[in-house]
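Notes for the one structure printed next.
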Amino acid sequence: MNLTVDNTAIVLDSTSDYPDAPSRFSNMRFVPLYVRFGDETYRDYLELGPDQFFEKLRTSPVLPATSQPTPQDFLATYENLAGYERIYSLHPSSKVSGTFQSAELAAAELGGDRVRVVDSLSASLAIALLAHAIQRRLTRGTTDAEIAALVERYHREAHVVFTVETLEYLQRGGRIGRAAALAGSLLNVRPILSVDDGVVVAVARVRGRQKALAEFERRLVESTKDEAGLRIAIAHADAAEWIGTLSELVWRVRPKAEIEFTSTLGAVVSTHTGPGAVGFFWFHDE
């Protein structure tokens, strides 16, 4: 089967931090997760944007919690894509979120093999980078086998490096162990984190913003070459100054790279990183 933008859809959820996908591409859809402040529940991006979330975080007496879309949320989206013969549904690591399982349940209820649910083993703009890589192939015509090979390579070669102001939010959400969070706070250091096989791991600890930047640069340089096809994404949680700083880093050390996305992290991802976080993502794909 020849897959194209006319017969194949891409479904993302809001942990991709790519709410503009449906307005940019007619074959893309966006399913929100939920953010809860006490008794109030909001759909990520649709009912609570990043700016409103950070304002609420500063003033709310209760801390936010998140929950994945229901299988019914996904099923409704899949059913509304009746004109498409194939659907690729891309989601955050199944090791840190139940979203992938919800999508799988919906695909099973729909029946047949129209829906291919993909565990990105990652999160945030890394998923958006994968969506664009698939879309480029659909634009020229592709196959399920080629997309499967792309996903396999993406699992091996896509990079995520991020840093947070405090490990408290990751620890509270169960995304990192209490001992690691405690060590970070005791040492008054800025942790450098990554995603390894779908799990958040601490890869370095540095003192201060400049050393964090140096670590980001070192990891980018060591794992890439300055050549066309290197695609970069940068996201922040209420820390917009990082966009310019990291963009300048990219232009200096990898001038042939393309900065494909810059974005503010949405309410769901920011609930787990806390304000002040910044994510740096890259994947080579011509």
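Following the order of the structure tokens, first chain is A, next is B, and so on, with residues numbered from 1 inside each chain and ligands from 1 in the order they appear.
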
Per residue of segment 111-131 of chain A within 12 Å of segment 14-21 of chain A, which atom pair is closest and at what distance in Å (one decimal), using only C-alpha atoms, listed by chain and increasing number, as JSON lines?
{"residue": "A:Ser120", "atom": "CA", "partner": "A:Ser16", "partner_atom": "CA", "distance": 10.2}
{"residue": "A:Ser122", "atom": "CA", "partner": "A:Ser16", "partner_atom": "CA", "distance": 9.5}
{"residue": "A:Ala123", "atom": "CA", "partner": "A:Ser16", "partner_atom": "CA", "distance": 6.3}
{"residue": "A:Ser124", "atom": "CA", "partner": "A:Ser16", "partner_atom": "CA", "distance": 4.1}
{"residue": "A:Leu125", "atom": "CA", "partner": "A:Ser16", "partner_atom": "CA", "distance": 5.4}
{"residue": "A:Ala126", "atom": "CA", "partner": "A:Ser16", "partner_atom": "CA", "distance": 7.3}
{"residue": "A:Ile127", "atom": "CA", "partner": "A:Ser16", "partner_atom": "CA", "distance": 5.3}
{"residue": "A:Ala128", "atom": "CA", "partner": "A:Ser16", "partner_atom": "CA", "distance": 5.7}
{"residue": "A:Leu129", "atom": "CA", "partner": "A:Ser16", "partner_atom": "CA", "distance": 9.1}
{"residue": "A:Leu130", "atom": "CA", "partner": "A:Ser16", "partner_atom": "CA", "distance": 9.9}
{"residue": "A:Ala131", "atom": "CA", "partner": "A:Ala21", "partner_atom": "CA", "distance": 9.2}

Export, as a PDB file, in the first residue's frame, the selected residues with C-alpha atoms.
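Result file selection-v7.pdb:
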ATOM      1  CA  SER A 120       7.908   7.090  20.832  1.00  0.00           C
ATOM      2  CA  SER A 122      10.249   9.872  24.331  1.00  0.00           C
ATOM      3  CA  ALA A 123       8.158  12.992  24.927  1.00  0.00           C
ATOM      4  CA  SER A 124       7.426  16.599  23.977  1.00  0.00           C
ATOM      5  CA  LEU A 125       8.942  18.004  20.783  1.00  0.00           C
ATOM      6  CA  ALA A 126      10.820  14.761  20.126  1.00  0.00           C
ATOM      7  CA  ILE A 127       7.406  13.392  19.113  1.00  0.00           C
ATOM      8  CA  ALA A 128       6.774  16.429  16.905  1.00  0.00           C
ATOM      9  CA  LEU A 129      10.107  15.789  15.158  1.00  0.00           C
ATOM     10  CA  LEU A 130       8.978  12.209  14.453  1.00  0.00           C
ATOM     11  CA  ALA A 131       5.623  13.436  13.138  1.00  0.00           C
TER      12      ALA A 131
END

Which of segment 39-186 of chain A counts as strand (DSSP E) under DSSP, as JSON, numbers by chain please?
-> {"A": [40, 41, 42, 43, 65, 66, 67, 86, 87, 88, 89, 90, 91, 115, 116, 117, 118, 119, 159, 160, 161, 162, 163]}

Please provide as a PDB file with C-alpha atoms, in the first residue's frame all residues within 12 Å of Trp242 of chain A, with the sequence filter that same-chain residues fewer than 2 positions apart are discarded (counting only C-alpha atoms).
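Output saved as around_31.pdb:
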ATOM      1  CA  PHE A 162      16.736  18.728  29.395  1.00  0.00           C
ATOM      2  CA  THR A 163      17.324  20.507  32.636  1.00  0.00           C
ATOM      3  CA  ARG A 209      23.228  27.828  33.868  1.00  0.00           C
ATOM      4  CA  GLN A 210      26.483  28.293  31.932  1.00  0.00           C
ATOM      5  CA  ALA A 212      24.297  23.426  31.793  1.00  0.00           C
ATOM      6  CA  LEU A 213      24.666  25.121  28.405  1.00  0.00           C
ATOM      7  CA  PHE A 216      24.067  20.681  26.130  1.00  0.00           C
ATOM      8  CA  ALA A 233      13.740  21.554  18.618  1.00  0.00           C
ATOM      9  CA  ILE A 234      13.799  23.733  21.733  1.00  0.00           C
ATOM     10  CA  ALA A 235      11.085  23.974  24.378  1.00  0.00           C
ATOM     11  CA  HIS A 236      10.840  25.789  27.699  1.00  0.00           C
ATOM     12  CA  ALA A 237       8.561  26.024  30.707  1.00  0.00           C
ATOM     13  CA  ASP A 238       8.088  29.727  31.502  1.00  0.00           C
ATOM     14  CA  ALA A 239      11.748  30.404  30.657  1.00  0.00           C
ATOM     15  CA  ALA A 240      11.627  31.991  27.199  1.00  0.00           C
ATOM     16  CA  GLY A 244      17.526  32.634  22.030  1.00  0.00           C
ATOM     17  CA  THR A 245      20.431  31.209  24.024  1.00  0.00           C
ATOM     18  CA  LEU A 246      20.075  27.689  22.633  1.00  0.00           C
ATOM     19  CA  SER A 247      19.342  28.946  19.110  1.00  0.00           C
ATOM     20  CA  GLU A 248      22.630  30.871  19.177  1.00  0.00           C
ATOM     21  CA  LEU A 249      24.398  27.723  20.398  1.00  0.00           C
ATOM     22  CA  THR A 262      10.597  26.306  19.297  1.00  0.00           C
ATOM     23  CA  SER A 263       7.771  26.037  21.788  1.00  0.00           C
ATOM     24  CA  THR A 264       6.507  26.620  25.295  1.00  0.00           C
ATOM     25  CA  GLY A 276      12.169  26.952  34.481  1.00  0.00           C
ATOM     26  CA  ALA A 277      12.715  23.696  32.600  1.00  0.00           C
ATOM     27  CA  VAL A 278      14.206  23.653  29.120  1.00  0.00           C
ATOM     28  CA  GLY A 279      14.315  20.790  26.616  1.00  0.00           C
ATOM     29  CA  PHE A 280      16.752  20.378  23.730  1.00  0.00           C
TER      30      PHE A 280
END

Apply DSSP to the backbone of this structure and, from segment 51-114 of chain A, keep only the residues in alpha helix (DSSP H); write these as number ranges by chain.
-> A: 51-59, 71-79, 99-110

Quick one: everything within 6 Å of Ala202 of chain A, counting only C-alpha atoms, minus sequence neighbours fewer than 2 positions away in the same chain. Send it as a PyMOL selection string.
-> chain A and resi 192-193+204

May I have the residues from that selection written out with all heavy atoms, as a PDB file, in the first residue's frame?
ATOM      1  N   ILE A 192      21.182  17.547  34.676  1.00  0.00           N
ATOM      2  CA  ILE A 192      21.013  17.359  33.239  1.00  0.00           C
ATOM      3  C   ILE A 192      20.392  15.979  33.062  1.00  0.00           C
ATOM      4  O   ILE A 192      20.939  14.978  33.531  1.00  0.00           O
ATOM      5  CB  ILE A 192      22.346  17.427  32.477  1.00  0.00           C
ATOM      6  CG1 ILE A 192      23.098  18.714  32.821  1.00  0.00           C
ATOM      7  CG2 ILE A 192      22.102  17.306  30.976  1.00  0.00           C
ATOM      8  CD1 ILE A 192      22.405  19.990  32.372  1.00  0.00           C
ATOM      9  N   LEU A 193      19.240  15.948  32.414  1.00  0.00           N
ATOM     10  CA  LEU A 193      18.492  14.705  32.287  1.00  0.00           C
ATOM     11  C   LEU A 193      18.322  14.336  30.827  1.00  0.00           C
ATOM     12  O   LEU A 193      18.422  15.170  29.932  1.00  0.00           O
ATOM     13  CB  LEU A 193      17.127  14.842  32.966  1.00  0.00           C
ATOM     14  CG  LEU A 193      17.201  15.230  34.450  1.00  0.00           C
ATOM     15  CD1 LEU A 193      16.408  16.502  34.688  1.00  0.00           C
ATOM     16  CD2 LEU A 193      16.701  14.129  35.332  1.00  0.00           C
ATOM     17  N   ALA A 204      23.989  13.964  34.114  1.00  0.00           N
ATOM     18  CA  ALA A 204      25.058  14.826  34.629  1.00  0.00           C
ATOM     19  C   ALA A 204      24.471  15.757  35.675  1.00  0.00           C
ATOM     20  O   ALA A 204      23.249  15.961  35.737  1.00  0.00           O
ATOM     21  CB  ALA A 204      25.701  15.631  33.505  1.00  0.00           C
TER      22      ALA A 204
END

Contacts of segment 3-12 of chain A at 8 Å or less, counting only C-alpha atoms, minus same-chain residues fewer than 3 places along, as a PyMOL selection string?
-> chain A and resi 16+27-31+81+83-91+131+135+137-144

With distances taken over only C-alpha atoms, the candidate from A:Trp282, A:Phe37, A:Asp113, A:Ala149 nearest Thr59 of chain A is A:Phe37

Any idea what's packed within 9 Å of Ala65 of chain A, counting only C-alpha atoms, ignoring anything in its chain fewer than 6 positions away? Could you give it as a list in words?
->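 With the cut-off at 9 Å, the set is Tyr34, Val35, Arg36, Phe37, Gly38, Gly173, Val268, Thr271 and His272 of chain A.
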
Using only C-alpha atoms, please write the residues we just selected to a file, as a PDB file, in the first residue's frame.
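Once everything was written out, this is out25.pdb:
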ATOM      1  CA  TYR A  34      -6.103  16.505  31.177  1.00  0.00           C
ATOM      2  CA  VAL A  35      -4.761  18.816  33.883  1.00  0.00           C
ATOM      3  CA  ARG A  36      -6.506  18.997  37.226  1.00  0.00           C
ATOM      4  CA  PHE A  37      -6.252  21.704  39.891  1.00  0.00           C
ATOM      5  CA  GLY A  38      -8.320  20.350  42.769  1.00  0.00           C
ATOM      6  CA  GLY A 173       4.977  12.721  39.560  1.00  0.00           C
ATOM      7  CA  VAL A 268       0.782  18.519  31.161  1.00  0.00           C
ATOM      8  CA  THR A 271       3.299  19.750  35.590  1.00  0.00           C
ATOM      9  CA  HIS A 272       6.068  17.143  35.644  1.00  0.00           C
TER      10      HIS A 272
END

Distance criterion (only C-alpha atoms): nearest to Ala158 of chain A out of A:Arg24, A:Arg231, A:Arg252, A:Arg43 |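 Closest candidate: A:Arg231.
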
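Atom CA of Leu265 of chain A is positioned 14.2 Å from atom CA of Val160 of chain A.
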
Go ahead and compute the interatomic distance for atom CA of Val189 of chain A and atom CA of Ile232 of chain A, in Å to one decimal.
->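 About the pair atom CA of Val189 of chain A and atom CA of Ile232 of chain A: they are 26.0 Å apart.
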
Between atom CA of Val115 of chain A and atom CA of Tyr78 of chain A, distance in Å (one decimal) =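 We find that atom CA of Val115 of chain A and atom CA of Tyr78 of chain A lie 8.0 Å from each other.
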